[in-house]
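K.L.:
Here's a structure for you.
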Amino acid sequence: MELVTPGFGLVVWTIITFLFLLFILRKFAWKPILGAVEEREDGIKSALASAESARKEMQNLKADNERILNEARAEREAMLKDARDIKAKMIADAKDEAQSQANKMIEQAQTAIESEKKAAMAELRNQVASLSIDIAEKVVRQELSNKDKQLQLVESMLSDAKLN
Amino acid sequence: MTITGIAAIGAGLAAIGAGVGIGRIGGSAMEAMARQPEMHGKIQTSALILAAFVEAVALFGVVVAFLQG
Amino acid sequence: MTLNTFRNVLFSALFMVISTMGFANEDTENPENEKFDAKEMILHHVKDAHEFHIMDINDKPVSIPLPIILYTDNGLVTFMSSEFHHDDSGQHIVEKNGMKFVKLHEKIYQLDGDAEAVAFDEEHHPTNASKPYDLSITRNVFMMWVSVFVLLLIFVTAARSYRKSEDNMPKGVAGFIEPLVVFVRDEIAKPMIGEHRYKKYMPYLLTIFFFIWINNIFGLIPIFNGANVSGNIAFTFTLALFTFIITTLVGNKNYWKHIFWMPGVPVPMKIFLMPIEIIGMFVKPISLMIRLFANITAGHVIILALMSLIFVFKSVAIAPVSIAFSLFITVIEIIVTAIQAYIFTILSALYFGMATEEEHH
């Protein structure tokens, strides 16, 4: 029975001793030890984090480079394509222009020829008419005496003229 | 039989009970650790705590024996 | 030299037993004048004492006297325990400030009035004496202070070594201490209390862990005469009381709700559970107290009982067996010192964790 009855004196001394130990150790041991451990752990953690962030940054940089390179490549490609297009367009335009110019010239030439032809025809007709009148005059002058001859002449001449 | 003798028998019975209990905890913990070695630490902690709880019951028996002794 | 001498030397220094084995042979010549009482011897070693008894030489006890402090009706009385002249049967009377004191079974009694000697009833209880409040520096208090001194020496030195080193690296004793401190933090406090709330309890948990552990270890060192500090119920009672007080003080609404009005069960069950939970509130620290006390005391009793076998059988032949067994138990006890400190700490942490747990949704 005595063994399981807490003794008054020992309880009092244990309370005093324990509280003393708790306060002293808390101030002079646990705080510095835990503080040092935590500080070191934080240091390791932050070192790891910074290494990780450096790695990420490196990766980002690499990705950036890649991206810029790709962009440049794409731009060059686009520029080349543009140039090619422009060239083709220019050629096509020139061709069209030339074609239309040529067509226009041909048309002009045709209209000129036509009008020339018309003028020539008119001239010819005029000439034929004046020639006919001249001939008619000469015939008239020559053959005024002979009425039959006159008529005959006119008739033959007219039929000749018809042939033209 | 004296009261002290009866108390001793009681303490012995408590020890048997606790022995069975702790044996079962230990066996199951071993089995669990063999199945999942990666959970080793957690299983060990829980097994120790449970063993302490079971043991406490046996120790109550011991204390009763002390009370008589 | 008598068997008595040998006995006390042996129990004072279990590991020095081999060197003293020669004495036992001599005693076959002397007739045994008293029967060896293993139970009494063991209880004497397990219990507290007012003097630091080291050994007997030629039946004369060699011991360190310790101060006796008594709080009587007439104020404090102090004197050294040597004034009792090793008397423990209430025969030797010490007079101080007009009051008469006797020591009986390691308890100090104050004689009533003008009584000249202690009178006993049939059950050997004194009838004419009262017990004053005994605040003596007993063997356990003394050993507790020695352990406190050692703890302070170790940990303050360790803490100082951090301040000295520039990169916060543990040096010297700190290198040994730090894994233990980190163990208490990472294996006990964090999982049991929780990542966010554990910091507040760290000083308490670390202190009880190392305080219990070092007292357990000191109890195993034979030269300290098996000072059974952590196997004394007053000591475990006090530590369990601290855990109980802290648990009760930090307990949040959720904790009290679980005790008085268990959520999530029907009303009759709530009423049924309430007394169980209230009893459980007290059983937790009581089991803490009993567990440590009984474990350590049982360890001491077993080791002493195995050693007693030599004297019970009065034969040196049994000594090798006895020593082998007690050595074996001592090795187990060394493990138990750490396990019990760990269990006490982890259960305290568990109770704090339960008391501060937030409500689950």
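Lettering and numbering for the structure tokens are positional, with chains as A, B, ... in the shown order, residues counted from 1 in each chain, and ligands counted from 1 in the shown order.
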Determine, counting only C-alpha atoms, which protein, DNA and RNA residues have an atom within 12 Å of an atom of Asn216 (chain C); residues of the same chain fewer than 2 positions away are not included. Present the result as number ranges by chain.
P.N.:
C: 143-144, 147, 208-214, 218-221, 224, 226-232, 235-236, 292-293, 295-297, 299-300, 330, 333-342
K.L.:
Could you write those residues out with N, CA and C atoms, as a short mmCIF file (atom, residue, chain, number, x, y, z; two decimals), in the first residue's frame?
P.N.:
data_model
loop_
_atom_site.label_atom_id
_atom_site.label_comp_id
_atom_site.auth_asym_id
_atom_site.auth_seq_id
_atom_site.Cartn_x
_atom_site.Cartn_y
_atom_site.Cartn_z
N MET C 143 18.88 12.33 -5.64
CA MET C 143 19.22 11.77 -6.96
C MET C 143 18.59 12.58 -8.08
N MET C 144 17.38 13.08 -7.81
CA MET C 144 16.70 13.90 -8.80
C MET C 144 17.52 15.15 -9.09
N SER C 147 20.43 14.27 -11.17
CA SER C 147 20.03 14.11 -12.57
C SER C 147 19.79 15.47 -13.23
N ILE C 208 10.29 16.44 -20.24
CA ILE C 208 9.88 15.19 -19.59
C ILE C 208 10.60 14.01 -20.21
N PHE C 209 10.81 14.04 -21.51
CA PHE C 209 11.50 12.90 -22.16
C PHE C 209 12.87 12.69 -21.54
N PHE C 210 13.68 13.73 -21.47
CA PHE C 210 15.04 13.56 -20.98
C PHE C 210 15.08 13.40 -19.46
N PHE C 211 14.16 14.07 -18.78
CA PHE C 211 14.11 13.95 -17.31
C PHE C 211 13.78 12.51 -16.91
N ILE C 212 12.75 11.94 -17.54
CA ILE C 212 12.39 10.56 -17.22
C ILE C 212 13.50 9.61 -17.64
N TRP C 213 14.05 9.84 -18.81
CA TRP C 213 15.06 8.92 -19.32
C TRP C 213 16.28 8.89 -18.41
N ILE C 214 16.74 10.07 -18.05
CA ILE C 214 17.98 10.09 -17.25
C ILE C 214 17.73 9.52 -15.86
N PHE C 218 19.66 6.42 -14.26
CA PHE C 218 20.31 6.51 -12.96
C PHE C 218 19.82 5.41 -12.02
N GLY C 219 18.56 5.04 -12.18
CA GLY C 219 18.03 3.97 -11.34
C GLY C 219 18.73 2.65 -11.58
N LEU C 220 19.29 2.49 -12.79
CA LEU C 220 19.95 1.23 -13.12
C LEU C 220 21.41 1.21 -12.71
N ILE C 221 21.96 2.38 -12.38
CA ILE C 221 23.38 2.40 -12.04
C ILE C 221 23.53 1.94 -10.59
N PHE C 224 24.63 4.13 -7.40
CA PHE C 224 23.68 5.07 -6.80
C PHE C 224 22.68 4.34 -5.91
N GLY C 226 20.66 2.03 -6.58
CA GLY C 226 19.35 1.84 -7.19
C GLY C 226 18.37 2.92 -6.83
N ALA C 227 18.85 4.17 -6.80
CA ALA C 227 17.93 5.26 -6.50
C ALA C 227 16.76 5.18 -7.46
N ASN C 228 15.61 4.94 -6.90
CA ASN C 228 14.46 4.58 -7.71
C ASN C 228 13.57 5.79 -7.90
N VAL C 229 14.09 6.84 -8.55
CA VAL C 229 13.32 8.08 -8.64
C VAL C 229 12.10 7.89 -9.54
N SER C 230 12.36 7.41 -10.78
CA SER C 230 11.24 7.29 -11.72
C SER C 230 10.37 6.08 -11.38
N GLY C 231 10.83 5.24 -10.44
CA GLY C 231 9.98 4.14 -9.99
C GLY C 231 9.27 4.48 -8.70
N ASN C 232 9.27 5.77 -8.37
CA ASN C 232 8.54 6.21 -7.18
C ASN C 232 7.26 6.88 -7.64
N PHE C 235 6.92 10.72 -7.94
CA PHE C 235 7.55 11.33 -9.11
C PHE C 235 6.65 11.18 -10.34
N THR C 236 6.19 9.96 -10.60
CA THR C 236 5.35 9.76 -11.79
C THR C 236 4.02 10.47 -11.63
N LEU C 292 4.61 4.13 -15.82
CA LEU C 292 6.02 4.42 -15.57
C LEU C 292 6.46 3.84 -14.23
N PHE C 293 5.65 4.08 -13.21
CA PHE C 293 5.99 3.61 -11.86
C PHE C 293 6.15 2.09 -11.85
N ASN C 295 6.50 -0.11 -14.33
CA ASN C 295 7.55 -0.63 -15.20
C ASN C 295 8.91 -0.54 -14.54
N ILE C 296 9.21 0.63 -14.02
CA ILE C 296 10.55 0.83 -13.46
C ILE C 296 10.69 0.04 -12.16
N THR C 297 9.65 0.11 -11.32
CA THR C 297 9.73 -0.63 -10.07
C THR C 297 9.84 -2.13 -10.34
N GLY C 299 11.10 -3.57 -12.88
CA GLY C 299 12.46 -3.86 -13.35
C GLY C 299 13.43 -3.99 -12.19
N HIS C 300 13.33 -3.04 -11.25
CA HIS C 300 14.22 -3.09 -10.09
C HIS C 300 13.96 -4.35 -9.27
N THR C 330 18.95 -6.58 -16.89
CA THR C 330 19.47 -5.20 -16.87
C THR C 330 19.57 -4.66 -18.29
N GLU C 333 16.27 -3.78 -19.32
CA GLU C 333 15.86 -2.58 -18.60
C GLU C 333 16.46 -1.32 -19.23
N ILE C 334 17.66 -1.48 -19.78
CA ILE C 334 18.27 -0.31 -20.44
C ILE C 334 17.41 0.11 -21.63
N ILE C 335 16.89 -0.89 -22.35
CA ILE C 335 15.97 -0.56 -23.46
C ILE C 335 14.69 0.05 -22.89
N VAL C 336 14.21 -0.56 -21.78
CA VAL C 336 12.96 -0.09 -21.18
C VAL C 336 13.09 1.37 -20.73
N THR C 337 14.27 1.76 -20.24
CA THR C 337 14.44 3.16 -19.81
C THR C 337 14.05 4.11 -20.93
N ALA C 338 14.56 3.78 -22.14
CA ALA C 338 14.27 4.65 -23.28
C ALA C 338 12.82 4.51 -23.71
N ILE C 339 12.33 3.26 -23.75
CA ILE C 339 10.96 3.05 -24.24
C ILE C 339 9.95 3.72 -23.32
N GLN C 340 10.15 3.62 -22.01
CA GLN C 340 9.18 4.22 -21.09
C GLN C 340 9.21 5.74 -21.18
N ALA C 341 10.40 6.30 -21.32
CA ALA C 341 10.48 7.76 -21.49
C ALA C 341 9.74 8.15 -22.78
N TYR C 342 9.97 7.35 -23.83
CA TYR C 342 9.32 7.61 -25.12
C TYR C 342 7.81 7.49 -25.01
#
K.L.:
Quick check: residues of chain A within 10 Å of chain B, only C-alpha atoms, returned as a tab-separated table (two decimals) with N, CA, C and O atoms, in the first residue's frame.
P.N.:
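That gives us selection.tsv:
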chain	number	residue	atom	x	y	z
A	1	MET	N	0.85	-1.20	0.00
A	1	MET	CA	0.00	0.00	0.00
A	1	MET	C	0.88	1.25	0.00
A	1	MET	O	0.63	2.20	-0.73
A	2	GLU	N	1.93	1.17	0.84
A	2	GLU	CA	2.77	2.35	0.98
A	2	GLU	C	3.47	2.68	-0.33
A	2	GLU	O	3.71	3.83	-0.65
A	3	LEU	N	3.76	1.59	-1.09
A	3	LEU	CA	4.49	1.75	-2.34
A	3	LEU	C	3.71	2.59	-3.34
A	3	LEU	O	4.29	3.30	-4.16
A	4	VAL	N	2.38	2.48	-3.31
A	4	VAL	CA	1.57	3.19	-4.32
A	4	VAL	C	0.91	4.43	-3.74
A	4	VAL	O	-0.06	4.92	-4.28
A	5	THR	N	1.41	4.94	-2.63
A	5	THR	CA	0.90	6.20	-2.08
A	5	THR	C	1.95	7.27	-2.31
A	5	THR	O	3.06	7.17	-1.80
K.L.:
Pull out every residue of chain C that has at least one atom within 9 Å of chain A, counting only C-alpha atoms, and report them as a PyMOL selection string.
P.N.:
chain C and resi 43+46-47+133-138+140-141+144-145+148+151-152+155-160+162-163+167-170+174+178+181-182+202-204+206-208+211+232-239+242+290+293
K.L.:
Chain C residues within 7 Å of chain B, counting only C-alpha atoms: which ones, as a PyMOL selection string?
P.N.:
chain C and resi 287+290-291+294+343
K.L.:
Please report the interatomic distance between CA of His92 (chain C) and CA of Met55 (chain C) in Å with one decimal.
P.N.:
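Those two atoms sit 21.0 Å apart.
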K.L.:
Counting only C-alpha atoms, what is within 10 Å of Ile246 (chain C), bar same-chain residues fewer than 3 positions away, as a PyMOL selection string?
P.N.:
chain C and resi 201+204+240-243+249-251+348+351-352+355
